[in-house]
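Quick notes on the structure that follows.
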Amino acid sequence: MTLPPFPHGFLWGASASAFQTEGAAAAEGKGPSGWDAFAAEPGRIKDGADAARGTGFHERYREDVALLAGLGAGAFRFSVSWPRVVPGGSGPVNAAGLDFYDRLVDELCAHGITPAPTLYHWDTPLELEEAGGWLRRDTAHRFADYARVVAERLADRVPMWITVNEPAEVTLLGYALGEHAPGKKLLFDALPAAHHQLLAHGLAVGALRAAGARNIGLAVSHTPVWPASESEEDRFGADLYDTISNWLFADPILTGRYPDENFAALMPGPVADDLAVISAPLDWYGVNYYNPTRVGAPAPEAVESFAGFEMPAELPFGIREIEGYETTAFGWPVVPDGLREMLVQLKARYGDRLPPVYITENGCSYDGIEDADRIRYLDGHLRALHRAMAEGVDVRGYFVWSLTDNIEWIEGAAQRFGLVHVDYPTLRRTPKDSYRWYRDVIRAQRAVD
C-alpha cells in the first residue's frame, strides 16, 4: 500500500557513523579513540569482529555515495571522527584527516546529496578519555575547538550540522553501566558526563556559528516510557527512568533547566551559567527512535536495563519485557506508534520551544538480503511519523539507520541494520530488498511533490 504524501521538500536520508564504518583506524595520522581501545580488549566485541576494519568506508566512500545516489537520498548523515581530525583531542590538527572529509563532502555535493555531519558519535580521542573523558569539564572546551576546526574547513559546503549524538547512551552505557567505552560503572556518579556533553553541545553551537556554519541541531535518543503497572512503586520507577532517559537531556537544551532540582544539584561547575550556554537556540532538533521501554520498580524478573543490558540491583527501577509485539533480530519490540507517541509527547511538553524536528535515526536489525521484515518495520514507522505530523508536529526529514550494515558496537557484525548488505570477509556491498523499497518510496514522494 502506498504511503501517504509527505510535505513538499521533506528530506529523505540515511545515516552512518565513523567508528562503525570507516575502518582505517590508524591510517593517515588518525589517533586512537576510546572506542578503539575498548574494542581491542579481549571479549569486548561479542562476535570477535574487527572493529578497526569497520566496513571499509574510508576507502570505499565513493562506492557508498553512489549507493546513496542510487537510493535517491537527499541527505547523508555521517560522523566526523574527532581523533582523525585532532588525534590527541587537542593540539595539532591532522591535515590528512580533514582532507578525507573534504573529499567526502565534495563527493556528496557532486551527487546532489546534502552532507549532514555529526561531530561526535561516541569516538572520544583516547588521550582525552584517559584523562577523564566526559567526566572532565575541559573535554567540552576541547570539543568546541575541534568543532571550529571542522567548520572552518567545511561550512562553505555543509548546510546541516549535528553537534553530538545520543548523550544519554554515552552517559548510561559508557559511564554508568560500563557496557560501552570507556567501561566505567559509576551509576549516578556518571551524571557529570551528561552535563559536560550538554555543555560541549552548547559551546559547539557557538563555535560553529562563529565559523560560518548554519542549520545546527543535535541527535537525542527518545523512548516512550510505559509503567509496568499503575502501582505507586512502578510509577515511581517509570517516572525516574523517563527523567533520566528523556528529559535530563532535552530539558536543558530546550528550556535551559534540568527537569529536577535534585539532578541539577548533582551536576558540576557553575550550572546556571552552563545552562545558558547549553540552551543556545537551535535550528532543529533530532530524534533517534527505536522502541518504547516498559519500566517499573526493581524486581527479580527485571534483568535488563538501558538498551537491553544487565542492570545493577542498586538502581531504583527495573526494565520489563514488552509483550504482544513482534521483535527484531536484536530482540527489540516493534512498536511503530511509539514514534508518534514520542513526537506528540515532545510537542506537548515543549510547545513553541520545540524547533522543527528531524528523525535522525530509525531502523532495525534483521538478517538476510530479502528483508521483508525491515520493509514492514520502516513502512509502519513512516506511517506513524505521518500521523504525528498530522497531529501538529513539525517534522522536516527522516534518516533511516543505516545505509549499510556496520559494526554495531559491542555486538560486532552480528546485528545488521543496513539497507545494504556487507559481506564482512570481502566488504562487498549488496543492496537489500529494503534498499529498493526505500528508493521507490523516495521516488514516489518526489513525484507527489
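Residue numbering restarts at 1 in every chain; chains get A, B, ... in the order shown in the C-alpha cells, and ligands count up from 1 in that same order.
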
Contacts of Arg84 in chain A at 9 Å (only C-alpha atoms; same-chain gap of 5+ positions) as a list in words: Ala25, Ala26, Ala27, Glu28, Gly29, Lys30, Gly31, Pro32, Ser33, Val93, Asn94, Ala96, Gly97, Leu98 and Pro125 of chain A

Range 131-364 of chain A: which residues are strand (DSSP E or B) by DSSP, as number ranges by chain? A: 161-165, 216-221, 225-227, 285-288, 293-296, 304, 318-320, 327, 333, 357-361

Can you write out the residues you just picked, keeping C-alpha atoms, as a tab-separated table (two decimals), in the first residue's frame?
```tsv
chain	number	residue	atom	x	y	z
A	161	TRP	CA	25.22	20.21	11.24
A	162	ILE	CA	24.78	17.82	14.19
A	163	THR	CA	26.85	18.52	17.30
A	164	VAL	CA	26.54	15.39	19.45
A	165	ASN	CA	24.76	12.06	19.10
A	216	ILE	CA	22.54	23.39	13.56
A	217	GLY	CA	20.93	20.69	15.67
A	218	LEU	CA	21.81	17.54	17.59
A	219	ALA	CA	20.57	13.92	17.76
A	220	VAL	CA	18.92	12.81	21.01
A	221	SER	CA	17.57	9.33	21.68
A	225	VAL	CA	8.30	5.04	28.89
A	226	TRP	CA	5.41	2.76	29.79
A	227	PRO	CA	4.83	2.00	33.50
A	285	TYR	CA	16.03	19.06	16.97
A	286	GLY	CA	16.96	15.48	16.08
A	287	VAL	CA	15.09	12.47	17.45
A	288	ASN	CA	16.51	8.94	17.39
A	293	THR	CA	10.57	0.96	27.23
A	294	ARG	CA	8.42	-0.66	29.93
A	295	VAL	CA	9.66	0.24	33.41
A	296	GLY	CA	8.67	-0.47	36.98
A	304	GLU	CA	17.57	-5.83	31.59
A	318	GLY	CA	13.65	-2.22	36.54
A	319	ILE	CA	13.06	-2.76	32.84
A	320	ARG	CA	10.31	-5.24	31.96
A	327	THR	CA	10.67	-8.28	17.88
A	333	PRO	CA	9.92	-4.74	20.24
A	357	VAL	CA	12.24	18.05	14.11
A	358	TYR	CA	14.25	15.61	12.03
A	359	ILE	CA	14.15	11.87	12.68
A	360	THR	CA	17.91	11.42	12.73
A	361	GLU	CA	17.81	7.65	13.36
```

Considering only C-alpha atoms, return as a PyMOL selection string whatever protein or nucleic-acid residues lie within 10 Å of range 265-280 of chain A, sequence-local ones (same chain, fewer than 4 positions apart) excluded. chain A and resi 135-137+188-206+249-258+260-261

Leaving out Ser365 in chain A and any residue of its chain fewer than 6 positions from it, which residues lie within 9 Å of it when counting only C-alpha atoms, given as a ChimeraX atom specification? /A:328-332,374,415-418

Export, as a PDB file, in the first residue's frame, the selected residues with C-alpha atoms.
```pdb
ATOM      1  CA  THR A 328      13.653  -7.535  15.652  1.00  0.00           C
ATOM      2  CA  ALA A 329      16.698  -9.790  15.373  1.00  0.00           C
ATOM      3  CA  PHE A 330      18.111  -7.684  18.223  1.00  0.00           C
ATOM      4  CA  GLY A 331      15.115  -8.600  20.399  1.00  0.00           C
ATOM      5  CA  TRP A 332      13.728  -5.056  20.357  1.00  0.00           C
ATOM      6  CA  ARG A 374      12.691  -4.462   7.605  1.00  0.00           C
ATOM      7  CA  GLN A 415      23.347  -7.182  14.134  1.00  0.00           C
ATOM      8  CA  ARG A 416      22.551  -5.941  10.636  1.00  0.00           C
ATOM      9  CA  PHE A 417      20.797  -2.577  10.389  1.00  0.00           C
ATOM     10  CA  GLY A 418      21.710  -1.726   6.807  1.00  0.00           C
TER      11      GLY A 418
END
```

Would you mind reading off the distance between CA of Ala207 in chain A and CA of Asp145 in chain A, one decimal, in Å?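 Separation between CA of Ala207 in chain A and CA of Asp145 in chain A: 7.3 Å.
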
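Each of A:Ser231, A:Ala151, A:Leu172, A:Leu419 was compared to Asn406 in chain A using only C-alpha atoms, and A:Leu419 turns out to be the nearest.
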
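Using only C-alpha atoms, the nearest neighbour of Leu108 in chain A within the list A:Tyr438, A:Phe263, A:Tyr61, A:Phe38 is A:Tyr61.
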
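Candidate residues A:Ala52, A:Ala110, A:Ala447, A:Ala144 were compared for distance to Arg209 in chain A, and the nearest is A:Ala144, using only C-alpha atoms.
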
Counting only C-alpha atoms, the residue of A:Lys347, A:Arg60, A:Leu128, A:Asp379 that sits nearest Met1 in chain A: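 Once distances to Met1 in chain A are computed over only C-alpha atoms, the minimum belongs to A:Asp379.
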
Closest to Val422 in chain A among A:Phe317, A:Phe57, A:Tyr377, A:Phe236, using only C-alpha atoms?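 Looking only at the distances to Val422 in chain A, the closest residue turns out to be A:Phe57.
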
Need the shell around Met160 in chain A: protein/DNA/RNA residues with any atom at most 8 Å away, counting only C-alpha atoms. Skip same-chain ones fewer than 6 positions apart. Format as an mmCIF file with C-alpha atoms, in the first residue's frame?
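Result file follows (part-v4.cif):
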```cif
data_model
loop_
_atom_site.group_PDB
_atom_site.id
_atom_site.type_symbol
_atom_site.label_atom_id
_atom_site.label_comp_id
_atom_site.auth_asym_id
_atom_site.auth_seq_id
_atom_site.Cartn_x
_atom_site.Cartn_y
_atom_site.Cartn_z
ATOM 1 C CA THR A 114 23.236 17.159 1.356
ATOM 2 C CA PRO A 115 26.170 16.438 3.721
ATOM 3 C CA ALA A 116 24.935 16.316 7.326
ATOM 4 C CA PRO A 117 27.963 15.645 9.536
ATOM 5 C CA ARG A 214 24.258 27.273 9.774
ATOM 6 C CA ASN A 215 21.272 24.994 10.355
ATOM 7 C CA ILE A 216 22.541 23.388 13.565
ATOM 8 C CA GLY A 217 20.929 20.686 15.675
#
```

Can you measure CA of Gly412 in chain A to CA of Ile45 in chain A for me? One decimal in Å is fine.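 The value is 5.6 Å.
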
With distances taken over only C-alpha atoms, which residue among A:Ala228, A:Glu326, A:Gly397, A:Leu248 lies nearest Ala264 in chain A?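 Closest to Ala264 in chain A, using only C-alpha atoms: A:Leu248.
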
Can you measure CA of Asp106 in chain A to CA of Arg157 in chain A for me? One decimal in Å is fine.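 CA of Arg157 in chain A lies 8.0 Å from CA of Asp106 in chain A.
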
Could you give me, as a PyMOL selection string, each residue of range 69-108 of chain A that DSSP assigns to alpha helix (DSSP H) when run on this structure's backbone? chain A and resi 69-71+82-85+95-108
